[in-house]
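Engineer: Next up is a structure, given as structure tokens.
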Amino acid sequence: MNDLGVTVKKDEDFAEWYIQVVLKSNLLDYAPIKGFIVLKPYGYAIWERIREVADKRFKESGHQNAFLPTLIPESLLSKEAEHFEGFKPEVFWVTHAGNDELGERLALRPTSETLAYEIFSRWIRSYRDLPLKINFWNTALRAEIKSTKPLIRTSEFLWQEGHTVHASKEEAEDEARLMLSIYKEIIEEYLAIPVIAGYKSDKEKFVGADYTLTLEALMPDGRALQMGTSHNLGQNFSRPFNIKFLGKDGKEHYAWQTSWGISWRLIGALVMIHGDDKGLVLPPRIAPIQIVVVPIFYGDDSKHSVIDKCKNVYALLRDRFRVHLDDREEYTPGYKFNDWELKGVPLRVEIGPRDVKQGKVVLARRDDSRKVSVGDEELLDAVTNMLEDIQHSLYRRAYEFLKSHTFSTLTYDEFKEHIEHGFVRAYWCGSQECELRIKEETGADIRVIPFTDDSINDTDMLKEGGMMKKEQVRDGDEGDTRCIYCRRSAGKIAYFAKAY
Ligand SMILES: [Zn+2]
């Protein structure tokens, strides 16, 4: 393949393969500032699709979009002490306005809790003002000094942050769960990426939250990637920010809050999980272009009839699908095939002179390279079915990978062996000391403590019995439920992994 294509194999040099794919498929470019990237139109189009799908779910569940400034005064950012300590090492500060030094430093938002809650405290007076459910589509800035990776770890990233205020603890709990389940639906059903849902450990939770709910996916190199989080903030912010309301009982109460977010990191996960040696492979439900129509003709004899048919097919598909007609004359069909394969378009329609004569078209799948010839009258049905099939095959493949790279173990020796290849599911006593020691010795974190009490975490894996029951690490191992590290009795099962 020429140097326009990807020149390394995914399973030979995964890190280099990833960089080549995101650059060569035109998703993004480097910025002239270290640690920052530019999202190009094709990459932005994928983000727009994610945003479109998520925004619809947010609005259906009663949330509204709003806008907040980028700058947060230091006095506000530091109002919740634990939160401030957590974010301080990565905050960018604005110290001057023109030539004048500011009286107070302003932070470029690392996240908006403090600014939003200062404002919310002015909006909320009584129970009638609740619940307040606001979402912001914006960017956050967190200085990444150590290692950066496009879309996965950058100093500024596109995301959404939802912030809600409730009258009761139960309502806030329900909200945190609801948003996690909405994220799960988007990630599994649109991005075709299976995830494990549950709690973060106290060590890994959002600074300032009572607890954090998370969705974790497994990348092809065996490392976990956090896909979305939803935080129950309890009253940890409403107290310092004085978000109080007059209840139905005529008394003043501090409100209960949540915040939650997903970022363009999801695009990074899409690339890693579904991509192959030829480049991106996009699931049809999220692909900005689902179908590309490519005319094939040699010389002028057949040109007009081929182009005419391509235009008809394009017009036929346009109402139902996101379709693109590649009628560029300066490139050969072979060049175009490579180009759209690199960009991961799920389905290609090829039309040549013989197809015109026979009343047929050729459909080529991106995911498995299969080609079929279908009659013009079957085209709509064939395309519809094939796109659905591609969507499900991609999920199925990712799911099989997750299943075959999730290991259950009772011994620390086995743990150390398996942790190089994926998730390890093991008993944990709940102590931060064991968690820290395991991190030091193996490089692995607790990624998620699965739910034991509800339906969100009834992932397909649990449903079909591909994994052990939630309460057990191994079938029949009820006897030995001791912590994988300290061998004291364990209350919890946790998924460990090395992570991005
Ligand atoms: Zn322990």
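Residues in the structure tokens are named by chain (A, B, ... in the order shown) and by number from 1 within that chain; ligands are numbered from 1 in the order shown.
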Residues contacting ligand 1 - anything with an atom at most 8 Å away, using only C-alpha atoms and all ligand atoms - can you give me those as a ChimeraX atom specification?

Structural biologist: /A:428-431,433-435,482-490

Engineer: Considering only C-alpha atoms, return as JSON, numbers by chain whatever protein or nucleic-acid residues lie within 8 Å of segment 251-260 of chain A, sequence-local ones (same chain, fewer than 5 positions apart) excluded.

Structural biologist: {"A": [113, 161, 162, 163, 164, 165, 166, 167, 168, 169, 172, 175, 176, 179, 228, 229, 230, 231, 232, 233, 234, 235, 237, 238, 239, 242, 243, 244, 245, 246]}

Engineer: Among segment 229-361 of chain A, which ones does DSSP place in helix (DSSP H, G or I), written as a PyMOL selection string?

Structural biologist: chain A and resi 265-274+303-318+333-342+353-358

Engineer: Out of A:Leu270, A:Glu216, A:Leu342, A:Thr384, which residue has the shortest atom-to-atom distance to Ala499 of chain A when counting only C-alpha atoms?

Structural biologist: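 Among the listed residues, the smallest separation from Ala499 of chain A belongs to A:Glu216.
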
Engineer: Between A:Gly222, A:Gly279, A:Gly344, A:Gly208, which residue has the minimum interatomic distance to Tyr500 of chain A, considering only C-alpha atoms?

Structural biologist: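 Counting only C-alpha atoms, the residue closest to Tyr500 of chain A is A:Gly222.
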
Engineer: Name the residues of segment 53-217 of chain A that fall into strand (DSSP E or B) according to DSSP on the backbone, using the chain letters and numbers of this document, as an MDAnalysis selection string.

Structural biologist: chainID A and resid 64:65 71:73 93:97 100:108 126 132:141 149 153 156:166 196:199 211:217

Engineer: Neighbouring residues of Ile187 of chain A were defined as those with any atom within 9 Å, considering only C-alpha atoms; residues of the same chain fewer than 6 positions away were excluded. Please report them as a PyMOL selection string.

Structural biologist: chain A and resi 193-195+227+266

Engineer: So how many Å separate atom CA of His274 of chain A and atom CA of Leu394 of chain A, to one decimal?

Structural biologist: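 Atom CA of Leu394 of chain A lies at a distance of 6.9 Å from atom CA of His274 of chain A.
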
Engineer: Could you state the separation of atom CA of Thr154 of chain A and atom CA of Ile186 of chain A in Å, given to one decimal place?

Structural biologist: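 Between atom CA of Thr154 of chain A and atom CA of Ile186 of chain A the gap works out to 23.1 Å.
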
Engineer: What's the separation between atom CA of Gln160 of chain A and atom CA of Leu68 of chain A, in Å to one decimal place?

Structural biologist: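 Those two atoms sit 11.9 Å apart.
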
Engineer: Segment 81-85 of chain A: which residues within 10 Å, counting only C-alpha atoms, same-chain residues fewer than 4 positions away excluded, as a VMD selection string?

Structural biologist: chain A and resid 74 76 to 77 89 91 113 to 114 206 to 209 236 to 237 240

Engineer: Quick one: everything within 7 Å of Thr139 of chain A, counting only C-alpha atoms, minus sequence neighbours fewer than 4 positions away in the same chain. Send it as a list in words.

Structural biologist: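 Here the answer would be Glu156, Phe157, Leu158 and Trp159 of chain A.
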
Engineer: Could you give me, as a CSV table (one decimal) with C-alpha atoms, in the first residue's frame, the residues within 12 Å of segment 71-73 of chain A, counting only C-alpha atoms and dropping anything in the same chain fewer than 2 positions from it?

Structural biologist:
chain,number,residue,atom,x,y,z
A,68,LEU,CA,-21.3,29.0,30.9
A,69,PRO,CA,-18.1,31.1,30.7
A,75,SER,CA,-12.0,31.8,45.1
A,76,LEU,CA,-14.8,29.8,43.5
A,77,LEU,CA,-12.8,26.9,42.3
A,78,SER,CA,-11.3,26.5,45.8
A,79,LYS,CA,-14.6,26.7,47.7
A,84,PHE,CA,-9.7,22.0,44.4
A,91,VAL,CA,-5.3,23.9,36.1
A,92,PHE,CA,-4.3,26.5,33.5
A,93,TRP,CA,-4.4,30.0,35.1
A,94,VAL,CA,-5.2,33.4,33.5
A,95,THR,CA,-3.2,36.0,35.4
A,102,LEU,CA,-5.6,40.5,37.6
A,103,GLY,CA,-6.5,41.0,41.2
A,104,GLU,CA,-7.5,37.3,41.3
A,105,ARG,CA,-6.3,34.4,39.2
A,106,LEU,CA,-8.9,32.9,36.8
A,107,ALA,CA,-8.9,29.2,36.0
A,108,LEU,CA,-9.6,27.9,32.6
A,109,ARG,CA,-12.4,25.5,33.5
A,110,PRO,CA,-11.1,22.0,34.3
A,111,THR,CA,-14.8,21.2,35.0
A,112,SER,CA,-17.7,23.5,35.8
A,113,GLU,CA,-19.2,22.3,39.2
A,114,THR,CA,-18.0,25.3,41.1
A,115,LEU,CA,-19.0,28.0,38.6
A,116,ALA,CA,-22.4,26.3,37.9
A,117,TYR,CA,-23.2,25.9,41.5
A,118,GLU,CA,-22.5,29.5,42.4
A,119,ILE,CA,-25.0,30.4,39.8
A,139,THR,CA,-14.7,21.9,26.4
A,140,ALA,CA,-12.6,21.4,29.6
A,141,LEU,CA,-8.9,22.2,30.0

Engineer: If you count only C-alpha atoms, which residues fall within 9 Å of Ile182 of chain A, apart from same-chain ones fewer than 6 positions away, as a list in words?

Structural biologist: Ala54, Arg57 and Phe58 of chain A

Engineer: Check the smallest atom-to-atom distance from each of A:His324, A:Arg142, A:Arg125, A:Arg370 to Gly250 of chain A using only C-alpha atoms, then report the winner.

Structural biologist: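 Looking only at the distances to Gly250 of chain A, the closest residue turns out to be A:Arg125.
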